[in-house]
Every structure is written in C-alpha cells, then in structure tokens.
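Enquirer: Provided herewith: model.cif, mmCIF, C-alpha atoms and all ligand atoms.
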```
data_final
loop_
_atom_site.label_atom_id
_atom_site.label_comp_id
_atom_site.auth_asym_id
_atom_site.auth_seq_id
_atom_site.Cartn_x
_atom_site.Cartn_y
_atom_site.Cartn_z
CA MET A 1001 0.00 0.00 0.00
CA LEU A 1002 1.32 3.41 -0.93
CA PRO A 1003 1.09 6.27 1.56
CA GLU A 1004 -1.13 9.21 0.66
CA THR A 1005 1.44 11.88 1.41
CA MET A 1006 5.22 12.21 1.34
CA ASP A 1007 8.03 14.36 2.69
CA ALA A 1008 9.35 16.87 0.18
CA TRP A 1009 11.18 20.15 -0.22
CA VAL A 1010 9.91 22.94 -2.46
CA VAL A 1011 11.09 26.20 -3.98
CA ASP A 1012 8.32 28.75 -4.42
CA ALA A 1013 7.89 32.19 -5.94
CA GLN A 1014 7.54 34.08 -2.67
CA ALA A 1015 11.13 34.09 -1.51
CA PRO A 1016 14.41 32.33 -2.34
CA GLY A 1017 15.17 29.26 -0.26
CA LEU A 1018 14.05 25.68 0.27
CA ARG A 1019 10.90 24.95 2.25
CA ARG A 1020 9.94 21.62 3.76
CA GLN A 1021 6.46 20.43 2.95
CA ARG A 1022 4.19 17.42 3.18
CA LEU A 1023 2.79 16.78 -0.30
CA PRO A 1024 0.26 14.33 -1.72
CA LEU A 1025 1.83 11.45 -3.63
CA PRO A 1026 2.18 12.56 -7.28
CA ALA A 1027 -0.33 11.21 -9.79
CA CYS A 1028 1.06 9.00 -12.55
CA GLY A 1029 0.12 10.33 -16.03
CA PRO A 1030 -0.39 8.02 -19.03
CA ASN A 1031 3.27 8.14 -20.12
CA ASP A 1032 4.72 8.30 -16.62
CA LEU A 1033 6.49 6.06 -14.21
CA LEU A 1034 5.73 6.39 -10.51
CA VAL A 1035 9.05 6.01 -8.77
CA LYS A 1036 10.13 5.51 -5.18
CA VAL A 1037 13.16 7.77 -4.78
CA ARG A 1038 16.22 5.86 -3.55
CA ALA A 1039 18.74 8.70 -3.95
CA CYS A 1040 18.80 12.18 -5.47
CA GLY A 1041 21.93 14.18 -6.21
CA VAL A 1042 22.24 17.85 -5.28
CA CYS A 1043 23.35 19.82 -8.33
CA ARG A 1044 24.63 23.38 -8.58
CA THR A 1045 21.59 24.12 -10.74
CA ASP A 1046 19.47 23.45 -7.65
CA LEU A 1047 21.36 26.28 -5.93
CA HIS A 1048 20.51 28.64 -8.80
CA LEU A 1049 16.85 27.53 -8.58
CA VAL A 1050 16.74 28.03 -4.82
CA ASP A 1051 18.27 31.49 -5.27
CA HIS A 1052 15.77 32.42 -8.03
CA GLU A 1053 18.69 32.99 -10.39
CA LEU A 1054 16.81 31.06 -13.09
CA GLY A 1055 13.63 33.11 -12.52
CA ARG A 1056 10.84 32.61 -10.00
CA PRO A 1057 9.03 29.29 -10.26
CA GLN A 1058 5.43 29.59 -11.54
CA ARG A 1059 4.26 27.30 -8.75
CA PRO A 1060 5.96 25.58 -5.82
CA VAL A 1061 8.29 22.99 -7.36
CA VAL A 1062 10.24 20.10 -5.89
CA PRO A 1063 13.88 20.39 -7.06
CA GLY A 1064 16.19 17.49 -7.84
CA HIS A 1065 17.12 16.11 -11.25
CA GLU A 1066 19.58 13.34 -10.43
CA VAL A 1067 16.99 10.86 -9.29
CA VAL A 1068 17.64 7.16 -8.83
CA GLY A 1069 14.49 5.27 -8.03
CA GLN A 1070 12.55 2.09 -8.26
CA VAL A 1071 9.54 1.80 -10.55
CA LEU A 1072 6.34 1.28 -8.54
CA ALA A 1073 3.75 1.80 -11.26
CA LEU A 1074 3.48 2.58 -14.97
CA GLY A 1075 0.96 4.77 -16.76
CA GLU A 1076 -1.15 2.90 -19.30
CA GLN A 1077 0.96 4.14 -22.24
CA ALA A 1078 4.37 3.94 -20.55
CA ARG A 1079 6.62 1.42 -22.28
CA GLY A 1080 10.08 -0.02 -21.86
CA TRP A 1081 10.10 -0.37 -18.08
CA ARG A 1082 8.74 -2.83 -15.57
CA ILE A 1083 7.72 -2.67 -11.94
CA GLY A 1084 10.64 -3.05 -9.53
CA GLN A 1085 13.26 -1.95 -12.07
CA ARG A 1086 15.89 0.67 -11.20
CA VAL A 1087 15.55 3.86 -13.20
CA GLY A 1088 17.41 7.16 -13.57
CA ILE A 1089 15.56 10.46 -14.02
CA PRO A 1090 17.69 13.23 -15.55
CA TRP A 1091 17.25 17.00 -16.06
CA LEU A 1092 15.66 16.67 -19.50
CA GLY A 1093 12.20 15.39 -18.66
CA GLY A 1094 10.41 16.01 -21.95
CA THR A 1095 10.54 17.85 -25.27
CA CYS A 1096 7.90 19.04 -27.73
CA GLY A 1097 9.00 16.81 -30.62
CA ALA A 1098 7.79 19.48 -33.07
CA CYS A 1099 10.26 22.38 -33.00
CA PRO A 1100 13.21 22.66 -35.42
CA TYR A 1101 15.65 21.62 -32.69
CA CYS A 1102 13.74 18.45 -31.84
CA GLY A 1103 13.56 17.65 -35.55
CA GLY A 1104 17.26 18.38 -36.08
CA GLY A 1105 18.83 16.12 -33.50
CA GLN A 1106 19.23 18.88 -30.91
CA GLU A 1107 16.45 18.05 -28.49
CA ASN A 1108 18.61 19.54 -25.73
CA LEU A 1109 17.74 22.94 -27.24
CA CYS A 1110 13.98 22.27 -27.58
CA ASP A 1111 11.83 25.42 -27.63
CA HIS A 1112 9.34 23.91 -25.19
CA PRO A 1113 11.30 21.64 -22.91
CA VAL A 1114 10.24 20.13 -19.62
CA PHE A 1115 12.98 20.02 -17.03
CA THR A 1116 12.89 17.76 -14.01
CA GLY A 1117 13.00 19.68 -10.76
CA ARG A 1118 12.07 22.95 -12.48
CA ASP A 1119 8.98 22.38 -14.64
CA ARG A 1120 8.07 19.01 -13.14
CA ASP A 1121 8.59 17.99 -9.56
CA GLY A 1122 11.92 16.30 -8.98
CA GLY A 1123 13.59 14.05 -6.46
CA TYR A 1124 13.88 16.06 -3.24
CA ALA A 1125 10.98 13.90 -2.08
CA GLY A 1126 10.04 10.37 -1.16
CA TYR A 1127 8.37 9.70 -4.52
CA CYS A 1128 8.20 11.29 -7.95
CA VAL A 1129 6.79 10.71 -11.40
CA ALA A 1130 8.66 11.06 -14.69
CA ASP A 1131 7.88 10.53 -18.35
CA ALA A 1132 9.11 7.02 -19.13
CA ARG A 1133 10.45 8.13 -22.53
CA TRP A 1134 13.07 10.37 -20.91
CA CYS A 1135 14.14 8.01 -18.13
CA LEU A 1136 17.53 6.36 -18.38
CA PRO A 1137 18.86 2.92 -17.55
CA LEU A 1138 21.75 3.02 -15.08
CA PRO A 1139 24.93 0.97 -15.35
CA GLU A 1140 25.45 -1.90 -12.95
CA GLY A 1141 28.43 -1.53 -10.65
CA TYR A 1142 27.12 1.68 -9.08
CA ASP A 1143 24.81 1.50 -6.09
CA ASP A 1144 21.92 3.98 -5.89
CA ILE A 1145 23.83 6.69 -4.02
CA HIS A 1146 26.84 6.49 -6.34
CA ALA A 1147 24.68 6.33 -9.48
CA ALA A 1148 22.80 9.56 -8.70
CA PRO A 1149 25.59 12.02 -9.63
CA LEU A 1150 25.96 10.31 -13.00
CA LEU A 1151 22.58 11.74 -14.00
CA CYS A 1152 23.66 15.38 -14.24
CA ALA A 1153 27.20 15.94 -12.99
CA GLY A 1154 28.28 12.98 -15.09
CA LEU A 1155 26.03 13.58 -18.06
CA ILE A 1156 26.53 17.32 -18.45
CA GLY A 1157 30.21 16.81 -17.68
CA PHE A 1158 30.35 14.22 -20.45
CA ARG A 1159 28.65 16.52 -22.97
CA THR A 1160 30.98 19.36 -21.98
CA TRP A 1161 34.04 17.13 -22.28
CA ARG A 1162 32.88 15.79 -25.65
CA MET A 1163 32.36 19.33 -26.94
CA GLY A 1164 35.89 20.13 -25.78
CA GLN A 1165 37.25 17.52 -28.18
CA GLY A 1166 37.05 20.31 -30.79
CA ALA A 1167 36.37 20.30 -34.50
CA GLY A 1168 39.42 19.21 -36.45
CA GLY A 1169 43.03 20.05 -35.62
CA PRO A 1170 45.17 17.95 -33.34
CA ALA A 1171 43.19 15.85 -30.85
CA PRO A 1172 43.23 17.48 -27.43
CA ARG A 1173 45.73 16.00 -25.03
CA ARG A 1174 45.87 18.70 -22.35
CA ILE A 1175 42.54 19.58 -20.77
CA GLY A 1176 41.97 22.31 -18.21
CA ILE A 1177 39.02 22.08 -15.80
CA TRP A 1178 37.86 25.14 -13.85
CA GLY A 1179 35.72 24.47 -10.78
CA PHE A 1180 36.50 21.09 -9.30
CA GLY A 1181 33.10 19.92 -8.04
CA ALA A 1182 30.76 17.06 -8.84
CA ALA A 1183 30.98 17.29 -12.65
CA ALA A 1184 34.74 17.91 -12.74
CA HIS A 1185 35.60 14.97 -10.52
CA LEU A 1186 33.92 12.64 -13.02
CA VAL A 1187 35.19 14.41 -16.15
CA CYS A 1188 38.73 14.25 -14.77
CA GLN A 1189 38.52 10.44 -14.62
CA LEU A 1190 36.91 10.30 -18.06
CA ALA A 1191 39.74 12.34 -19.57
CA VAL A 1192 42.47 10.38 -17.78
CA ALA A 1193 40.88 7.12 -18.99
CA HIS A 1194 41.19 8.50 -22.53
CA GLY A 1195 44.89 9.26 -22.09
CA GLN A 1196 44.50 13.01 -21.59
CA GLU A 1197 46.37 15.18 -19.11
CA VAL A 1198 44.09 17.08 -16.75
CA HIS A 1199 44.91 20.48 -15.30
CA ALA A 1200 42.56 21.31 -12.42
CA PHE A 1201 41.85 24.89 -11.41
CA THR A 1202 40.13 25.36 -8.03
CA ARG A 1203 39.27 28.40 -5.93
CA ASP A 1204 42.58 30.09 -5.06
CA GLY A 1205 44.10 28.51 -1.98
CA ASP A 1206 41.70 25.54 -1.93
CA LEU A 1207 44.45 23.01 -1.29
CA ARG A 1208 41.93 20.34 -0.29
CA ALA A 1209 40.22 20.47 -3.70
CA GLN A 1210 43.62 20.51 -5.42
CA ALA A 1211 44.70 17.39 -3.53
CA PHE A 1212 41.36 15.78 -4.43
CA ALA A 1213 42.00 16.52 -8.14
CA ARG A 1214 45.49 15.00 -7.98
CA ARG A 1215 44.11 11.88 -6.31
CA LEU A 1216 41.75 11.48 -9.27
CA GLY A 1217 44.64 11.59 -11.71
CA ALA A 1218 45.07 15.30 -12.51
CA THR A 1219 48.60 16.02 -13.75
CA TRP A 1220 48.57 19.54 -12.34
CA ALA A 1221 46.34 21.35 -9.85
CA GLY A 1222 46.38 25.01 -8.85
CA GLY A 1223 44.26 28.08 -8.12
CA SER A 1224 42.18 29.85 -10.75
CA SER A 1225 44.63 32.79 -10.76
CA ASP A 1226 47.53 30.47 -11.58
CA GLU A 1227 48.73 29.95 -15.13
CA PRO A 1228 49.04 26.36 -16.31
CA PRO A 1229 52.63 25.22 -16.98
CA GLN A 1230 51.80 24.82 -20.69
CA LEU A 1231 49.08 26.03 -23.04
CA LEU A 1232 46.01 23.79 -23.02
CA ASP A 1233 44.12 22.22 -25.92
CA ALA A 1234 40.71 22.61 -24.29
CA ALA A 1235 39.25 24.34 -21.25
CA LEU A 1236 36.08 23.20 -19.48
CA ILE A 1237 34.51 25.67 -17.06
CA PHE A 1238 32.14 24.32 -14.41
CA ALA A 1239 32.41 27.18 -11.91
CA PRO A 1240 29.64 29.81 -12.34
CA VAL A 1241 32.21 32.62 -12.53
CA GLY A 1242 32.26 34.75 -15.70
CA ALA A 1243 35.75 36.07 -14.98
CA LEU A 1244 37.07 32.57 -15.68
CA VAL A 1245 36.15 32.86 -19.37
CA PRO A 1246 38.95 35.27 -20.36
CA ALA A 1247 41.32 33.39 -18.03
CA ALA A 1248 40.51 30.11 -19.77
CA LEU A 1249 40.83 31.69 -23.23
CA ALA A 1250 44.28 32.95 -22.24
CA ALA A 1251 45.24 29.42 -21.21
CA VAL A 1252 44.34 27.65 -24.48
CA ARG A 1253 46.43 27.35 -27.63
CA LYS A 1254 45.46 28.50 -31.13
CA GLY A 1255 42.47 26.48 -32.32
CA GLY A 1256 41.68 25.58 -28.72
CA VAL A 1257 38.19 25.29 -27.30
CA VAL A 1258 36.66 26.84 -24.17
CA VAL A 1259 33.38 25.21 -23.09
CA CYS A 1260 31.13 26.64 -20.37
CA GLY A 1261 29.32 23.72 -18.75
CA GLY A 1262 27.03 25.50 -16.28
CA ILE A 1263 23.49 26.81 -16.60
CA HIS A 1264 24.27 30.17 -15.00
CA MET A 1265 27.33 32.38 -14.81
CA SER A 1266 28.13 35.79 -13.38
CA PRO A 1267 28.77 38.48 -16.07
CA ILE A 1268 31.80 37.91 -18.26
CA PRO A 1269 34.21 40.84 -18.15
CA SER A 1270 35.22 42.36 -21.50
CA PHE A 1271 38.48 41.10 -22.95
CA ASP A 1272 40.87 41.79 -25.82
CA TYR A 1273 40.08 40.17 -29.14
CA ASP A 1274 43.59 38.68 -29.00
CA LEU A 1275 42.26 36.11 -26.57
CA LEU A 1276 39.75 34.79 -29.11
CA TRP A 1277 41.90 35.34 -32.21
CA GLY A 1278 43.72 32.30 -33.57
CA GLU A 1279 40.50 30.38 -34.18
CA ARG A 1280 39.84 29.74 -30.55
CA THR A 1281 36.25 28.67 -29.90
CA LEU A 1282 34.07 29.74 -26.99
CA CYS A 1283 30.79 27.89 -26.46
CA SER A 1284 28.33 26.66 -23.88
CA VAL A 1285 26.65 23.36 -23.16
CA ALA A 1286 22.91 23.35 -22.55
CA ASN A 1287 21.05 20.35 -21.16
CA LEU A 1288 21.42 16.91 -22.69
CA THR A 1289 19.90 14.65 -25.29
CA ARG A 1290 18.64 11.16 -24.62
CA GLN A 1291 21.45 9.88 -26.81
CA ASP A 1292 23.99 11.63 -24.53
CA GLY A 1293 22.40 9.75 -21.67
CA LEU A 1294 22.66 6.37 -23.37
CA ASP A 1295 26.23 7.05 -24.57
CA PHE A 1296 27.43 8.23 -21.17
CA MET A 1297 25.80 5.46 -19.15
CA ALA A 1298 27.38 2.88 -21.48
CA LEU A 1299 30.78 4.55 -21.00
CA ALA A 1300 30.32 4.74 -17.22
CA GLY A 1301 29.54 1.03 -17.28
CA ARG A 1302 32.87 0.34 -19.00
CA ILE A 1303 35.32 2.58 -17.14
CA ALA A 1304 34.14 2.23 -13.52
CA LEU A 1305 34.22 5.84 -12.39
CA LYS A 1306 35.01 6.43 -8.74
CA VAL A 1307 32.06 8.57 -7.68
CA GLN A 1308 32.79 10.50 -4.51
CA VAL A 1309 29.58 11.17 -2.62
CA GLN A 1310 28.54 12.78 0.61
CA PRO A 1311 25.12 11.36 1.57
CA PHE A 1312 22.59 13.40 3.54
CA PRO A 1313 19.19 12.25 4.81
CA LEU A 1314 16.37 13.87 2.83
CA ASP A 1315 15.34 15.95 5.84
CA GLN A 1316 18.76 17.66 5.69
CA ALA A 1317 18.42 18.89 2.11
CA ASP A 1318 18.80 22.49 3.28
CA ILE A 1319 22.08 21.60 4.98
CA ALA A 1320 23.35 19.77 1.89
CA VAL A 1321 22.55 22.80 -0.26
CA ALA A 1322 24.31 25.14 2.19
CA ARG A 1323 27.39 22.90 2.27
CA LEU A 1324 27.53 22.85 -1.53
CA ARG A 1325 27.21 26.63 -1.62
CA ALA A 1326 30.10 26.94 0.83
CA GLY A 1327 32.29 24.70 -1.34
CA GLU A 1328 32.48 22.12 1.43
CA ILE A 1329 31.53 19.07 -0.65
CA ASP A 1330 34.21 16.88 -2.22
CA GLY A 1331 32.51 15.29 -5.20
CA ALA A 1332 28.72 15.23 -4.98
CA ALA A 1333 26.11 15.63 -2.23
CA VAL A 1334 23.33 13.04 -2.45
CA LEU A 1335 20.01 13.00 -0.59
CA VAL A 1336 18.69 9.71 0.68
CA PRO A 1337 15.00 9.49 1.65
ZN ZN B 1 11.13 20.81 -29.29
ZN ZN B 2 22.25 19.43 -12.73
#
```
I need this file expressed as structure tokens, please.
Expert:
Amino acid sequence: MLPETMDAWVVDAQAPGLRRQRLPLPACGPNDLLVKVRACGVCRTDLHLVDHELGRPQRPVVPGHEVVGQVLALGEQARGWRIGQRVGIPWLGGTCGACPYCGGGQENLCDHPVFTGRDRDGGYAGYCVADARWCLPLPEGYDDIHAAPLLCAGLIGFRTWRMGQGAGGPAPRRIGIWGFGAAAHLVCQLAVAHGQEVHAFTRDGDLRAQAFARRLGATWAGGSSDEPPQLLDAALIFAPVGALVPAALAAVRKGGVVVCGGIHMSPIPSFDYDLLWGERTLCSVANLTRQDGLDFMALAGRIALKVQVQPFPLDQADIAVARLRAGEIDGAAVLVP
C-alpha cells in the first residue's frame, strides 16, 4: 500500500530558499512512471533555482534532477520499463518533438522543454513521477547513491568534455578544468581514462580540492589565478564565474576550445580580441539529449568511475545545499529518503 502523502522540499515564488512540505503522492500520467526515490543528487543548478537565479518558479516545485528510483507503477501508455526496475531520471524530462531543434537532432535545445525539478517535480521527495520516454537505464556496478551524480554531474560533464574535443586540428591532449566539483571529478577520470592530461583549477588557496584533483589523476592542480605550466588544448569551465572565461581563453592554444558547462554564470568581463583570435572557440553546453544519456551510461559502465559522494538524509536537504554553496563538498552531495 502506498502512503497518501510524502516528505518533500519545495522552492516557491515568494522568496528564495528551500521549504519543507508534506505533499500528496504525485499522480502517474499516461506516459509516466511512478518512482520511489532511492537517492537524489544535489546539483549546482538546484542552488541557482533556490536562489531564483533562473527566474521565479510559476508554482511551488520540488527540485532534484539526479533521481535514482525504483519503478512502482506505470501509466497505461508507458513502455520499456517494468515494476521493480531501477531507473534514472535526468534533467531533461520532456521535449515538444515538433520544433526545429527536436527535428534536427538537438532536443537539448527544444523550444518547449520540460525540465525535471524545475517544470516538473523532482527528487527532493520520497516519490516522484517522470515521463518514461526520458528516463535512463543506469549501469550496474554503481549503487543507488553512487549512481545519482551520473545523472547530471556525469552527463553534463560528459557533454561538456565531448564538446571540448574540438572540431578538427590535433586531438586534445591537455585539458583544463575550472571548478572542481561534482561534474569535474567525473570528467577528470573520463579524460584520464582517454589518455589526456588534466589540469585542475580550483578556488585560489583551496588546497583540499587541489589534492582531491590529484588523487583522481590530474597532472597539475592550482588556483584559478595560476597559469598552467603549458598552453592547453581545451578548457572546461564548471564554476559559475564569468571572470574565468577570459582566463581560460588565455590558457588555451590556437584552435583551442573553451566550453562553459554551467546553466548560470556571473557576467563575463570584456576582454581583448587577441584572446579569441587564432581560431579559438568559446561555447556553452545546454542540457542533454537522450542519446547523450545512453552514450554516457554505457561509457560509465565500462570505465568504472570512482564517484565520490557525501550522503545526507532527505530531511537535511537544506544543509546539503548550504554545504555545496560553501564549497564544502568533495565530489557530490546526495540526498537519501
Ligand atoms: Zn522541441
Ligand atoms: Zn544538474
């Protein structure tokens, strides 16, 4: 028997912050899975949502888009899953299927997307529902808590890293990563597994994060004001700090690529054209496609990423968010109902 209500956290339009609330169990639509949440990662995007930096929510919404759960029920048109199966629910929770982006293989840029934990209630709760067509299988070899960060930190990190492979020219060997949090700690291992050298840039003086990066195979680790010992082939920025963009451009070689992997960034200061000249590329990564999800989960199944997690009980979601904000999490914070 399912309970009628559940514990949850919501963000509402009135004021920034997370609020604890008892909610009715969500109703399972025709294409949905009803899922018992086993673990839900805390992503930096959740911080931006809580702070209203992505706008005020239209209605109170449950954040959380790195949801690992167990299927309890299927809507009458939901296919491809069965009761009891483990399922992953990522940020992209639906697309329109009709816009030029959906038609052109760029569903991550859909004009009318549905995002988990922003447009649909997410996993900071005991239960949630998700459209079965956007749910992802998770690789074996990761328990629920360690699988959760794969669903955004891993996935967006993967898309960012793949975009950093550049278009033509010599294949990138030296990668710089700015902001050594949940995404970076996975991307670092991905790059090392592909024979690349990783240069990790942390907050200045954050020796703990620098040591963490070296433990994960980074060749070099320093502060964001430091210059790398050599020019880099690609720079991946995960910290939401616009001032890092000119710094990263200055650190890449001709033809190099700078990819911004976050959903929000402080303003980018103006910089000399010299930094972009030489066919350097500056771009961003937005969301993910289902194919990214399938590709990344297959890769994660092959290379056995060491996922560093800090679990928190669901009723301490506010504490987990505060710790992430303070830069006190090595790897990824994960809520466990
Ligand atoms: Zn669309
Ligand atoms: Zn995320």
Enquirer: Listing only residues of chain A within 7 Å of ligand ZN 2 (chain B), what is the closest atom pair and its distance in Å (to one decimal) for each, using only C-alpha atoms and all ligand atoms, sorted by chain and residue number ascending, as a tab-separated table?
Expert:
```
residue	atom	partner	partner_atom	distance
A:Cys1043	CA	B:ZN2	ZN	4.6
A:Arg1044	CA	B:ZN2	ZN	6.2
A:Thr1045	CA	B:ZN2	ZN	5.1
A:His1065	CA	B:ZN2	ZN	6.3
A:Trp1091	CA	B:ZN2	ZN	6.5
A:Cys1152	CA	B:ZN2	ZN	4.5
A:Ala1153	CA	B:ZN2	ZN	6.1
```
Enquirer: Go ahead and save the residues from that selection, with C-alpha atoms, as a tab-separated table (two decimals), in the coordinates of the input.
Expert:
```tsv
chain	number	residue	atom	x	y	z
A	1043	CYS	CA	23.35	19.82	-8.33
A	1044	ARG	CA	24.63	23.38	-8.58
A	1045	THR	CA	21.59	24.12	-10.74
A	1065	HIS	CA	17.12	16.11	-11.25
A	1091	TRP	CA	17.25	17.00	-16.06
A	1152	CYS	CA	23.66	15.38	-14.24
A	1153	ALA	CA	27.20	15.94	-12.99
```
Enquirer: Find the distance between CA of Ala1286 (chain A) and CA of Gln1085 (chain A) and write it in Å to one decimal.
Expert: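 Interatomic distance here is 29.0 Å.
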Enquirer: Can you work out the spacing between CA of Val1050 (chain A) and CA of Ala1243 (chain A) in Å, to one decimal?
Expert: 23.0 Å
Enquirer: Could you please determine the separation between CA of Ile1237 (chain A) and CA of Leu1138 (chain A) in Å, to one decimal place?
Expert: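 So the answer is 26.1 Å.
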Enquirer: Can you tell me which residues surround Val1334 (chain A) at a distance of at most 7 Å, considering all atoms listed in the file, apart from same-chain residues fewer than 6 positions away, and format the answer as JSON, numbers by chain?
Expert: {"A": [1039, 1040, 1041, 1042, 1145, 1309, 1310, 1311, 1312]}
Enquirer: Compare A:Gly1154, A:Pro1060, A:Gly1093, A:Pro1139 by their minimum atom-to-atom distance to Trp1009 (chain A), counting all atoms listed in the file, and give me the closest one.
Expert: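 Among A:Gly1154, A:Pro1060, A:Gly1093, A:Pro1139, it is A:Pro1060 that comes nearest to Trp1009 (chain A).
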Enquirer: Closest to Asn1287 (chain A) among A:Leu1236, A:Ala1317, A:Ala1132, A:Leu1092, using all atoms listed in the file?
Expert: A:Leu1092
Enquirer: Using all atoms listed in the file, which of the listed residues (A:Gly1205, A:Gly1123, A:Gly1105, A:Pro1172) sits closest to Val1010 (chain A)?
Expert: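 Nearest candidate to Val1010 (chain A) out of A:Gly1205, A:Gly1123, A:Gly1105, A:Pro1172: A:Gly1123.
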Enquirer: List as a list of chain:residue names: which residues have an atom within 10 Å of (11.4, 22.6, -12.8), counting all atoms listed in the file?
Expert: A:Val1011, A:Asp1046, A:Leu1049, A:Pro1057, A:Gln1058, A:Arg1059, A:Pro1060, A:Val1061, A:Val1062, A:Pro1063, A:Gly1064, A:His1065, A:Trp1091, A:Leu1092, A:Gly1093, A:Val1114, A:Phe1115, A:Thr1116, A:Gly1117, A:Arg1118, A:Asp1119, A:Arg1120, A:Asp1121, A:Gly1122
Enquirer: Can you pull out every residue with an atom within 6 Å of ligand ZN 1 (chain B)? Use only C-alpha atoms and all ligand atoms and format it as a list in words.
Expert: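 Selection of residues at most 6 Å from ligand ZN 1 (chain B): Thr1095, Cys1096, Gly1097, Ala1098, Cys1099, Tyr1101, Cys1102, Cys1110, Asp1111 and His1112 of chain A.
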Enquirer: Nearest to Gly1195 (chain A) among A:Ala1211, A:Val1129, A:Ala1218, A:Cys1135, with distances taken over all atoms listed in the file: which residue is it?
Expert: A:Ala1218
Enquirer: Excluding same-chain residues fewer than 3 positions from Leu1155 (chain A), what lies within 8 Å of it counting all atoms listed in the file, as a list in words?
Expert: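 Non-adjacent residues within range: Leu1150, Leu1151, Cys1152, Phe1158, Arg1159, Leu1288, Asp1292, Gly1293 and Phe1296 of chain A.
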Enquirer: Report as a tab-separated table (two decimals) with C-alpha atoms, keeping the file's coordinate frame all protein, DNA and RNA residues lying within 8 Å of region 1254-1264 of chain A, evaluated on all atoms listed in the file, omitting residues in the same chain fewer than 3 positions from it.
Expert:
```tsv
chain	number	residue	atom	x	y	z
A	1045	THR	CA	21.59	24.12	-10.74
A	1048	HIS	CA	20.51	28.64	-8.80
A	1053	GLU	CA	18.69	32.99	-10.39
A	1054	LEU	CA	16.81	31.06	-13.09
A	1156	ILE	CA	26.53	17.32	-18.45
A	1157	GLY	CA	30.21	16.81	-17.68
A	1160	THR	CA	30.98	19.36	-21.98
A	1163	MET	CA	32.36	19.33	-26.94
A	1164	GLY	CA	35.89	20.13	-25.78
A	1165	GLN	CA	37.25	17.52	-28.18
A	1166	GLY	CA	37.05	20.31	-30.79
A	1169	GLY	CA	43.03	20.05	-35.62
A	1232	LEU	CA	46.01	23.79	-23.02
A	1233	ASP	CA	44.12	22.22	-25.92
A	1234	ALA	CA	40.71	22.61	-24.29
A	1235	ALA	CA	39.25	24.34	-21.25
A	1236	LEU	CA	36.08	23.20	-19.48
A	1237	ILE	CA	34.51	25.67	-17.06
A	1238	PHE	CA	32.14	24.32	-14.41
A	1239	ALA	CA	32.41	27.18	-11.91
A	1240	PRO	CA	29.64	29.81	-12.34
A	1245	VAL	CA	36.15	32.86	-19.37
A	1248	ALA	CA	40.51	30.11	-19.77
A	1249	LEU	CA	40.83	31.69	-23.23
A	1277	TRP	CA	41.90	35.34	-32.21
A	1278	GLY	CA	43.72	32.30	-33.57
A	1279	GLU	CA	40.50	30.38	-34.18
A	1280	ARG	CA	39.84	29.74	-30.55
A	1281	THR	CA	36.25	28.67	-29.90
A	1282	LEU	CA	34.07	29.74	-26.99
A	1283	CYS	CA	30.79	27.89	-26.46
A	1284	SER	CA	28.33	26.66	-23.88
A	1285	VAL	CA	26.65	23.36	-23.16
A	1286	ALA	CA	22.91	23.35	-22.55
```
Enquirer: Rank nothing, just name the residue among A:Gln1014, A:Ser1224, A:Gln1077, A:Thr1005 nearest to Leu1033 (chain A), using all atoms listed in the file.
Expert: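 Closest to Leu1033 (chain A), using all atoms listed in the file: A:Gln1077.
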Enquirer: Can you pull out every residue within 12 Å of Pro1030 (chain A), counting all atoms listed in the file, but drop anything in the same chain fewer than 5 positions away, and send it as a list in words?
Expert: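 So the residues in contact are Ala1073, Leu1074, Gly1075, Glu1076, Gln1077, Ala1078, Arg1079, Val1129, Ala1130, Asp1131, Ala1132 and Arg1133 of chain A.
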Enquirer: Point out the residue among A:Gln1210, A:Pro1313, A:Met1265, A:Ile1177 with the least atom-to-atom distance to Ala1251 (chain A), counting all atoms listed in the file.
Expert: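 So, comparing all the options, the nearest one is A:Ile1177.
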Enquirer: Scan for residues within 6 Å of the point (29.8, 1.2, -11.5) in the coordinates of the file, using all atoms listed in the file, and reply as a list in words.
Expert: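 Looking at atoms near the point gives Glu1140, Gly1141, Tyr1142, Gly1301 and Ala1304 of chain A.
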Enquirer: I need the residues from that last selection saved to file as a short mmCIF file (atom, residue, chain, number, x, y, z; two decimals), keeping the file's coordinate frame (with C-alpha atoms), if you can.
Expert:
```cif
data_model
loop_
_atom_site.label_atom_id
_atom_site.label_comp_id
_atom_site.auth_asym_id
_atom_site.auth_seq_id
_atom_site.Cartn_x
_atom_site.Cartn_y
_atom_site.Cartn_z
CA GLU A 1140 25.45 -1.90 -12.95
CA GLY A 1141 28.43 -1.53 -10.65
CA TYR A 1142 27.12 1.68 -9.08
CA GLY A 1301 29.54 1.03 -17.28
CA ALA A 1304 34.14 2.23 -13.52
#
```
